[in-house]
Amino acid sequence: MQFFIEVLVGGLLAGVMYSLVALGFVLIYKASGVFNFAQGALVLFAALTFVSIEKMGVPFWIALAITLGIMVLMGVAIERIVLRRLVNQPPISLFMATIGLSFFIEGLAQTVWGTEVHGLDLGIADEPFDVMGVFISKFDLFAATLSGVLVAALALFFQKTKLGRALRAVADDHQAALSVGIPLKHIWAIVWAVAGFVALVAGMLWGSRLGVQFALTLVVLKALPVLILGGFTSVPGAIVGGLIVGAGEKLAEVYLGPFIGGGIENWFPYMLALLFLLVRPEGLFGERHIERV
Amino acid sequence: MNPNRKIGDVILKVENISMSFGGVKALTNISLDVREHEVCAIIGPNGAGKSSMLNVINGVYHPQEGRIIYKGHASQSMHAHEAARHGIARTFQNIALFKGMSVLDNIMTGRNLKMHTNFLQQALYWGATQREEIRHRRKVEEIIDFLQIENIRKTPVGRLPYGLQKRVELGRALAAEPTLLLLDEPMAGMNVEEKQDMCRFILDVNDEFGTTIVLIEHDMGVVMDISDRVIVLDYGKKIGDGSPEEVRANPDVIAAYLGTSH
Amino acid sequence: MIYREAGQFKINYQSDSAILPILQDRLFMFGLLALAFIVIPVVGSNYFLAGILTPFLILALAALGLNILTGYAGQLSLGSAAFMAVGAFATYNFMIRIPGIPLLLALLLGGVMAALVGVLFGLPSLRIKGFYLAVATLAAQFFIEWALTKFGWFTNYSSSGVISAPEMQVFGIAIDTAAKKYLFTLAIVAVLTLAAKNLVRSAMGRSWMAVRDMDVAAEVIGIPILKTKLLAFAISSFYCGIAGALWAFVLLGTVDPQAFDLHRSFQVLFMIIVGGVGSILGSYLGAAFIVLLPIVLNLVGQLFHGAVSTQFLSNLEMMLFGGLIIFFLIVEPHGLARLWQIAKEKLRMWPFPH
């Protein structure tokens with residue numbers, strides 16, 4: 001039983017970190033209706049930039065600030081150079097453009113900063129500590145708490161602030177938002193900047209866990225099932241989805257894995273998402289789409 | 001209109017249809033009959049449920065209550081493709097053409113229920129499929145001729161002006177050689193000449209092929225002129241049913257359209 | 001002047017609906033086929049045949065498959081490489097488990113296996129659309145990759161995990177030289193391209209495009225949505241499966257799941273975006289582009305006499321891929337095929353400007 005709880009807790013904590021990555025997607029989707037496949041590349045870029053700047057001798061917090069600035073600039077640049085020109089195209093084209101973007105950013109990241117694996121030290125050791133007989137990793141707990149705080153803050157932001165409302169309006173209907181005076185381009189720049197910030201946090205957390213390397217972009221592929229389970233437009237959905245995927249993945253690996261040969265972490269979340277899609281396509285918290293003729 | 005045209009027995013019976021979406025009740029307890037070979041118009045203010053009525057008849061929407069009996073075949077929730085197989089064709093208010101294909105290809109899709117070669121034969125093309133394609137092409141060209149759209153047959157539909165698109169959509173519906181044709185505002189957005197052309201097409205179809213026609217239309221002149229029967233809907237309920245003259249004099253209809261003073 | 005259609009009247013529907021109605025196009029195609037089948041195998045170097053043309057043809061086939069599914073039928077798929085893998089492994093298994101089976105039959109059966117798997121993973125398309133469906137195809141990609149690596153049965157329990165493809169021969173002729181492999185591939189790809197072109201211009205193609213453009217309307221006119229979508233998945237996967245088998249047997253000489261990873265799926269998707277979604281010609285143009293790009297980059301890199309590392313070049317390649325995708329989507333969303341069409345239209349007028 002204790003083992004089960006340990007696995008479960010480990011999974012849940014990993015899940016919160018998935019939520020963090022998923023959050024970047026939700027933000028951009030909510031505000032611009034674009035599914036940003038390049039989020040993973042942004043995570044890698046952010047982590048690489050931070051680590052490289054730090055290696056040059058810059059202190060932790062200054063490096064963080066610089067990287068944040070770079071991510072914001074990058075977000076604005078993406079909006080200006082790519083998205084603005086694709087405004088009238090169908091969502092599939094936008095999606096494919098973000099796939100192209102992800103390749104571009106990955107290539108850029110490695111061209112600029114090199115391809116070696118870097119370690120990222122956040123100063124929190126990965127030691128387990130004992131909570132009522134269950135071992136929890138200190139690092140996991142820190143990551144989960146940080147992610148949770150960020151997600152809660154963003155949820156509040158969307159619901160309660162004027163800017164948040166504007167973002168939701170833009171996601172619903174660009175033209176209508178424009179016609180009530182919402183400055184579309186500013187909004188998008190803000191959204192991508194925030195997504196960049198989320199990518200930075202995710203990059204640092206995941207980077208310290210996995211090492212900052214190309215494989216970070218694969219983490220984003222885990223975020224997709226999270227989004228499907230939670231709904232593409234829901235911030236709380238990203239949390240719940242992340243928890244389900246994180247826990248489900250770990251539990252499946254430990255309990256189902258031995259029967260079918262192990263290594264099922266790669267596809268299990270996707271199968272789960274697939275089943276979900278068949279039953280409830282809009283996710284747990286997503287919006288129902290009714291087609292009128 | 002051809003005075004020798006014979007109007008037959010009831011071919012479509014709508015019995016106590018009620019339908020709602022979410023909280024909105026679109027149709028409330030509607031019953032009506034349509035006789036074979038007649039031209040029946042459905043009119044009413046915006047939001048009265050006219051399009052929803054057509055959607056229920058050809059299976060795009062499924063009503064919560066009531067049933068449709070078409071040619072003796074009763075069902076509560078027919079699927080759209082079943083309706084097509086039973087010989088019901090329709091056009092849409094917001095033009096549902098396949099924007100990526102040419103006029104010719106769009107109308108050819110209307111023939112798909114009559115094409116029977118399988119995909120392996122089609123991959124080969126030479127032989128059975130080629131003969132079938134040519135046979136159906138001939139039929140489609142007759143429709144193109146009838147609708148006078150020969151010069152645009154290879155144009156991608158997305159590039160055509162609105163009036164021509166509506167004509168192509170009619171062509172696609174006709175290609176199926178339907179027994180019942182549902183037209184949703186076929187003349188919306190057209191000028192006087194285009195409307196006259198459209199009226200002529202509709203009447204010719206009814207005349208030559210005996211197709212039963214149910215149409216939604218806002219232009220009262222057209223409605224009074226070409227219909228045998230008029231059905232009036234308002235807020236999802238039927239408030240009038242009869243010949244054009246009867247409906248025109250009906251006080252409920254007048255109140256719905258013009259409003260009354262309270 | 002040269003490309004004048006004037007005077008070429010069609011007197012029956014048959015000639016009007018031909019694949020190449022314009023005489024100049026027919027001559028061009030005839031010349032191209034003669035070049036491909038007769039001249040090139042004789043004069044082409046081994047590198048050219050095995051390193052450029054054969055991969056180009058096989059990838060064009062895969063792109064054709066994906067174009068049928070995504071371009072014509074409108075079902076976005078990110079799992080084409082998985083179906084290629086199924087084709088490769090299925091063909092391999094048929095060949096070693098049924099001794100004496102003719103190569104072409106094994107290839108055909110491999111394609112059919114891929115088609116069946118395609119239908120299975122295409123079932124969700126009945127309920128989900130757009131990039132939700134893309135996620136379902138990603139599930140296929142990951143699951144199949146895992147299954148083929150995990151279960152030893154597929155690799156005939158080979159201890160190293162790498163299996164070499166058996167010797168190939170057709171009607172007693174061994175297919176061992178680069179030229180023979182090229183001709184073998186060319187023949188198969190040519191036949192399948194013709195089949196695809198035929199499918200696309202008959203009722204099947206129209207049904208696919210109808211489902212792509214507006215499936216509600218398609219249902220209303222009686223097109224069976226379920227059957228249409230599943231056939232699209234089946235035929236597309238068949239093409240990808242054959243491409244995968246050819247890739248393994250003709251090109252690599254080994255049957256290796258890593259050749260069919262997510263990167264390959266993206267590569268095929270890029271080919272159809274750049275080449276032209278919903279266009280047979282586009283599949284070829286896109287494949288040519290993707291095959292030639294690294295080579296061109298390499299040549300450019302060599303100009304700098306090794307001052308540029310291969311690592312740098314491969315990153316640059318990635319950036320160029322990404323940049324070009326975006327470029328094409330912004331500037332010409334219909335890809336190279338549309339540019340080709342525009343060029344032909346200009347050619348009609350040439351040398352007169354208007």
# chains A, B, ... in the order shown; residues from 1 in each chain; ligands from 1
call {"tool": "residues_around", "arguments": {"residues": "region 167-178 of chain A", "least_positions_apart": "4", "cutoff": "10 Å", "atoms": "only C-alpha atoms", "output": "list in words"}}
result
Leu27, Ile28, Tyr29, Lys30, Ala31, Ser32, Gly33, Val34, Val87, Phe158, Gln159, Thr161, Lys162, Leu163, Ile182, Pro183, Leu184, Lys185, Ile187, Trp188, Ile190, Val191 and Thr233 of chain A
call {"tool": "closest_atom_pairs", "arguments": {"of": "region 86-117 of chain B", "to": "region 195-212 of chain B", "cutoff": "12 Å", "atoms": "only C-alpha atoms", "output": "Markdown table"}}
result
| residue | atom | partner | partner_atom | distance |
| --- | --- | --- | --- | --- |
| B:Gly87 | CA | B:Thr211 | CA | 10.1 |
| B:Ile88 | CA | B:Thr212 | CA | 9.6 |
| B:Ala89 | CA | B:Thr211 | CA | 10.4 |
| B:Arg90 | CA | B:Thr212 | CA | 11.6 |
call {"tool": "residues_around", "arguments": {"residues": "Pro236 (chain A)", "least_positions_apart": "2", "cutoff": "8 Å", "atoms": "only C-alpha atoms", "output": "number ranges by chain"}}
result
A: 151, 155, 230, 234, 238-240, 285
call {"tool": "closest_residue", "arguments": {"among": "C:Leu126, C:Ala140, C:Leu64, C:Ile101", "to": "Asn266 (chain A)", "atoms": "only C-alpha atoms"}}
result
C:Ala140
call {"tool": "atom_distance", "arguments": {"atom1": "CA of Gly100 (chain B)", "atom2": "CA of Ala232 (chain C)"}}
result
17.5 Å
call {"tool": "interface_residues", "arguments": {"of": "chain B", "to": "chain A", "cutoff": "12 Å", "atoms": "only C-alpha atoms", "output": "number ranges by chain"}}
result
B: 21-22, 51-52, 54-56, 60-61, 91-96, 184
call {"tool": "write_last_selection", "arguments": {"atoms": "N, CA and C atoms", "output": "PDB file, in the first residue's frame"}}
result
ATOM      1  N   PHE B  21     -32.877  22.986 -28.908  1.00  0.00           N
ATOM      2  CA  PHE B  21     -31.417  22.937 -28.747  1.00  0.00           C
ATOM      3  C   PHE B  21     -31.127  23.524 -27.404  1.00  0.00           C
ATOM      4  N   GLY B  22     -30.479  22.838 -26.546  1.00  0.00           N
ATOM      5  CA  GLY B  22     -30.131  23.473 -25.265  1.00  0.00           C
ATOM      6  C   GLY B  22     -31.402  24.000 -24.634  1.00  0.00           C
ATOM      7  N   SER B  51     -35.724  26.911 -41.088  1.00  0.00           N
ATOM      8  CA  SER B  51     -34.575  26.076 -41.457  1.00  0.00           C
ATOM      9  C   SER B  51     -34.528  24.822 -40.609  1.00  0.00           C
ATOM     10  N   SER B  52     -34.866  24.972 -39.319  1.00  0.00           N
ATOM     11  CA  SER B  52     -34.875  23.801 -38.444  1.00  0.00           C
ATOM     12  C   SER B  52     -35.864  22.771 -38.954  1.00  0.00           C
ATOM     13  N   LEU B  54     -36.768  22.226 -42.078  1.00  0.00           N
ATOM     14  CA  LEU B  54     -36.162  21.515 -43.203  1.00  0.00           C
ATOM     15  C   LEU B  54     -35.105  20.532 -42.723  1.00  0.00           C
ATOM     16  N   ASN B  55     -34.300  20.993 -41.736  1.00  0.00           N
ATOM     17  CA  ASN B  55     -33.249  20.118 -41.221  1.00  0.00           C
ATOM     18  C   ASN B  55     -33.824  18.853 -40.600  1.00  0.00           C
ATOM     19  N   VAL B  56     -34.987  18.963 -39.983  1.00  0.00           N
ATOM     20  CA  VAL B  56     -35.607  17.770 -39.405  1.00  0.00           C
ATOM     21  C   VAL B  56     -36.091  16.847 -40.524  1.00  0.00           C
ATOM     22  N   VAL B  60     -30.926  16.114 -40.764  1.00  0.00           N
ATOM     23  CA  VAL B  60     -29.734  16.763 -40.210  1.00  0.00           C
ATOM     24  C   VAL B  60     -29.923  17.003 -38.716  1.00  0.00           C
ATOM     25  N   TYR B  61     -31.153  17.346 -38.326  1.00  0.00           N
ATOM     26  CA  TYR B  61     -31.471  17.474 -36.907  1.00  0.00           C
ATOM     27  C   TYR B  61     -32.399  16.330 -36.506  1.00  0.00           C
ATOM     28  N   THR B  91     -30.993  22.348 -50.645  1.00  0.00           N
ATOM     29  CA  THR B  91     -29.959  23.390 -50.660  1.00  0.00           C
ATOM     30  C   THR B  91     -29.999  24.106 -49.317  1.00  0.00           C
ATOM     31  N   PHE B  92     -28.913  24.829 -49.016  1.00  0.00           N
ATOM     32  CA  PHE B  92     -28.787  25.440 -47.699  1.00  0.00           C
ATOM     33  C   PHE B  92     -28.817  26.951 -47.753  1.00  0.00           C
ATOM     34  N   GLN B  93     -29.189  27.537 -46.644  1.00  0.00           N
ATOM     35  CA  GLN B  93     -29.262  28.990 -46.557  1.00  0.00           C
ATOM     36  C   GLN B  93     -27.892  29.617 -46.783  1.00  0.00           C
ATOM     37  N   ASN B  94     -26.862  29.023 -46.160  1.00  0.00           N
ATOM     38  CA  ASN B  94     -25.527  29.588 -46.269  1.00  0.00           C
ATOM     39  C   ASN B  94     -24.629  28.839 -47.230  1.00  0.00           C
ATOM     40  N   ILE B  95     -25.160  28.382 -48.293  1.00  0.00           N
ATOM     41  CA  ILE B  95     -24.459  27.658 -49.361  1.00  0.00           C
ATOM     42  C   ILE B  95     -23.465  26.620 -48.838  1.00  0.00           C
ATOM     43  N   ALA B  96     -23.826  25.359 -49.009  1.00  0.00           N
ATOM     44  CA  ALA B  96     -22.934  24.307 -48.542  1.00  0.00           C
ATOM     45  C   ALA B  96     -22.266  23.619 -49.713  1.00  0.00           C
ATOM     46  N   ASP B 184     -33.708  26.050 -49.183  1.00  0.00           N
ATOM     47  CA  ASP B 184     -33.664  27.002 -48.074  1.00  0.00           C
ATOM     48  C   ASP B 184     -33.223  28.364 -48.580  1.00  0.00           C
TER      49      ASP B 184
END
call {"tool": "closest_residue", "arguments": {"among": "B:Ile68, B:Ala74, B:Val140, B:Leu27", "to": "chain C", "atoms": "only C-alpha atoms"}}
result
B:Val140
call {"tool": "select_by_dssp", "arguments": {"residues": "region 114-175 of chain C", "states": "alpha helix (DSSP H)", "output": "PyMOL selection string"}}
result
chain C and resi 114-122+130-150
call {"tool": "residues_around", "arguments": {"residues": "Leu215 (chain B)", "least_positions_apart": "4", "cutoff": "9 Å", "atoms": "only C-alpha atoms", "output": "PDB file with C-alpha atoms, in the first residue's frame"}}
result
ATOM      1  CA  VAL B  39     -44.847  23.511 -54.585  1.00  0.00           C
ATOM      2  CA  CYS B  40     -45.155  24.259 -50.892  1.00  0.00           C
ATOM      3  CA  ALA B  41     -43.670  27.379 -49.336  1.00  0.00           C
ATOM      4  CA  ILE B  42     -42.732  27.793 -45.671  1.00  0.00           C
ATOM      5  CA  ILE B  43     -42.697  31.382 -44.554  1.00  0.00           C
ATOM      6  CA  LEU B  54     -36.162  21.515 -43.203  1.00  0.00           C
ATOM      7  CA  LEU B 181     -36.490  19.014 -53.138  1.00  0.00           C
ATOM      8  CA  LEU B 182     -35.991  21.206 -50.070  1.00  0.00           C
ATOM      9  CA  LEU B 183     -34.808  24.707 -50.868  1.00  0.00           C
ATOM     10  CA  ASP B 184     -33.664  27.002 -48.074  1.00  0.00           C
ATOM     11  CA  GLU B 185     -33.976  30.612 -49.241  1.00  0.00           C
ATOM     12  CA  PRO B 186     -32.847  29.866 -52.797  1.00  0.00           C
ATOM     13  CA  VAL B 223     -44.211  32.948 -52.689  1.00  0.00           C
ATOM     14  CA  SER B 227     -46.642  28.135 -54.539  1.00  0.00           C
TER      15      SER B 227
END
call {"tool": "interface_residues", "arguments": {"of": "chain A", "to": "chain C", "cutoff": "9 Å", "atoms": "only C-alpha atoms", "output": "ChimeraX atom specification"}}
result
/A:35,82,85-86,89,91-111,114-115,224-225,228,260-264,266-271,273-275,277-279,281,293
call {"tool": "interface_residues", "arguments": {"of": "chain C", "to": "chain B", "cutoff": "10 Å", "atoms": "only C-alpha atoms", "output": "PyMOL selection string"}}
result
chain C and resi 12-14+17+72+191-207+209-225+231+235+278
call {"tool": "write_last_selection", "arguments": {"atoms": "N, CA and C atoms", "output": "short mmCIF file (atom, residue, chain, number, x, y, z; two decimals), in the first residue's frame"}}
result
data_model
loop_
_atom_site.label_atom_id
_atom_site.label_comp_id
_atom_site.auth_asym_id
_atom_site.auth_seq_id
_atom_site.Cartn_x
_atom_site.Cartn_y
_atom_site.Cartn_z
N ASN C 12 -15.22 14.84 -77.15
CA ASN C 12 -16.05 13.98 -76.31
C ASN C 12 -15.61 14.09 -74.86
N TYR C 13 -16.45 13.61 -73.98
CA TYR C 13 -16.16 13.75 -72.55
C TYR C 13 -14.91 12.97 -72.17
N GLN C 14 -14.68 11.91 -72.92
CA GLN C 14 -13.53 11.08 -72.59
C GLN C 14 -12.24 11.88 -72.68
N SER C 17 -11.85 14.65 -69.99
CA SER C 17 -11.52 14.27 -68.62
C SER C 17 -10.24 13.44 -68.54
N TYR C 72 -6.39 15.30 -49.65
CA TYR C 72 -7.67 15.11 -50.33
C TYR C 72 -8.81 14.84 -49.37
N VAL C 191 3.29 3.01 -61.16
CA VAL C 191 1.98 2.37 -61.20
C VAL C 191 1.08 2.91 -60.11
N LEU C 192 1.63 3.04 -58.89
CA LEU C 192 0.81 3.52 -57.78
C LEU C 192 0.41 4.98 -57.96
N THR C 193 1.29 5.76 -58.61
CA THR C 193 0.92 7.16 -58.86
C THR C 193 -0.24 7.22 -59.83
N LEU C 194 -0.20 6.41 -60.86
CA LEU C 194 -1.31 6.39 -61.82
C LEU C 194 -2.60 6.00 -61.12
N ALA C 195 -2.52 4.98 -60.26
CA ALA C 195 -3.70 4.55 -59.52
C ALA C 195 -4.25 5.69 -58.67
N ALA C 196 -3.33 6.41 -58.01
CA ALA C 196 -3.76 7.52 -57.16
C ALA C 196 -4.44 8.59 -57.99
N LYS C 197 -3.85 8.92 -59.12
CA LYS C 197 -4.43 9.95 -59.98
C LYS C 197 -5.82 9.53 -60.43
N ASN C 198 -5.99 8.25 -60.76
CA ASN C 198 -7.30 7.76 -61.16
C ASN C 198 -8.31 7.85 -60.04
N LEU C 199 -7.88 7.45 -58.84
CA LEU C 199 -8.79 7.50 -57.70
C LEU C 199 -9.26 8.92 -57.45
N VAL C 200 -8.31 9.83 -57.57
CA VAL C 200 -8.60 11.21 -57.19
C VAL C 200 -9.56 11.87 -58.18
N ARG C 201 -9.55 11.44 -59.44
CA ARG C 201 -10.45 12.08 -60.39
C ARG C 201 -11.76 11.34 -60.56
N SER C 202 -11.97 10.27 -59.82
CA SER C 202 -13.26 9.58 -59.91
C SER C 202 -14.07 9.83 -58.64
N ALA C 203 -15.14 9.07 -58.47
CA ALA C 203 -16.09 9.33 -57.38
C ALA C 203 -15.41 9.31 -56.01
N MET C 204 -14.42 8.43 -55.84
CA MET C 204 -13.74 8.32 -54.56
C MET C 204 -13.08 9.65 -54.20
N GLY C 205 -12.35 10.21 -55.16
CA GLY C 205 -11.67 11.48 -54.93
C GLY C 205 -12.65 12.59 -54.60
N ARG C 206 -13.74 12.61 -55.33
CA ARG C 206 -14.73 13.64 -55.07
C ARG C 206 -15.34 13.47 -53.69
N SER C 207 -15.60 12.23 -53.31
CA SER C 207 -16.14 12.00 -51.97
C SER C 207 -15.16 12.46 -50.91
N MET C 209 -12.85 14.78 -51.16
CA MET C 209 -12.79 16.24 -51.12
C MET C 209 -14.06 16.82 -50.52
N ALA C 210 -15.19 16.16 -50.76
CA ALA C 210 -16.44 16.63 -50.16
C ALA C 210 -16.37 16.53 -48.64
N VAL C 211 -15.86 15.40 -48.16
CA VAL C 211 -15.74 15.22 -46.71
C VAL C 211 -14.78 16.25 -46.13
N ARG C 212 -13.73 16.54 -46.90
CA ARG C 212 -12.75 17.52 -46.44
C ARG C 212 -13.37 18.91 -46.36
N ASP C 213 -14.10 19.29 -47.40
CA ASP C 213 -14.60 20.66 -47.48
C ASP C 213 -15.79 20.91 -46.57
N MET C 214 -16.74 20.00 -46.53
CA MET C 214 -17.89 20.21 -45.65
C MET C 214 -18.60 18.89 -45.43
N ASP C 215 -18.25 18.22 -44.33
CA ASP C 215 -18.77 16.86 -44.22
C ASP C 215 -20.27 16.79 -43.93
N VAL C 216 -20.81 17.87 -43.36
CA VAL C 216 -22.27 17.84 -43.13
C VAL C 216 -22.99 17.80 -44.47
N ALA C 217 -22.53 18.66 -45.41
CA ALA C 217 -23.15 18.69 -46.73
C ALA C 217 -22.94 17.35 -47.44
N ALA C 218 -21.75 16.77 -47.26
CA ALA C 218 -21.46 15.50 -47.91
C ALA C 218 -22.45 14.44 -47.44
N GLU C 219 -22.73 14.45 -46.13
CA GLU C 219 -23.68 13.47 -45.61
C GLU C 219 -25.06 13.68 -46.21
N VAL C 220 -25.42 14.96 -46.36
CA VAL C 220 -26.75 15.28 -46.87
C VAL C 220 -26.94 14.79 -48.29
N ILE C 221 -25.86 14.76 -49.09
CA ILE C 221 -26.07 14.26 -50.45
C ILE C 221 -25.81 12.77 -50.54
N GLY C 222 -25.64 12.14 -49.41
CA GLY C 222 -25.64 10.70 -49.41
C GLY C 222 -24.28 10.04 -49.39
N ILE C 223 -23.22 10.83 -49.26
CA ILE C 223 -21.88 10.23 -49.21
C ILE C 223 -21.70 9.54 -47.87
N PRO C 224 -21.31 8.26 -47.87
CA PRO C 224 -21.13 7.55 -46.60
C PRO C 224 -19.85 7.99 -45.92
N ILE C 225 -19.98 8.82 -44.90
CA ILE C 225 -18.82 9.45 -44.28
C ILE C 225 -17.87 8.43 -43.70
N LEU C 231 -11.72 4.42 -45.87
CA LEU C 231 -11.01 4.07 -47.10
C LEU C 231 -9.81 4.99 -47.30
N ILE C 235 -6.25 3.35 -47.82
CA ILE C 235 -5.44 3.51 -49.02
C ILE C 235 -4.17 4.29 -48.72
N GLY C 278 -3.03 18.32 -51.25
CA GLY C 278 -4.13 18.04 -52.16
C GLY C 278 -3.70 18.05 -53.62
#
call {"tool": "atom_distance", "arguments": {"atom1": "CA of Leu150 (chain A)", "atom2": "CA of Phe60 (chain A)"}}
result
20.0 Å
call {"tool": "residues_around", "arguments": {"residues": "region 91-99 of chain C", "least_positions_apart": "4", "cutoff": "9 Å", "atoms": "only C-alpha atoms", "output": "number ranges by chain"}}
result
C: 86-87, 103, 105-111, 113, 154-156, 165-166, 241-242, 245, 249, 255
call {"tool": "atom_distance", "arguments": {"atom1": "CA of Glu15 (chain B)", "atom2": "CA of Gly66 (chain B)"}}
result
5.5 Å
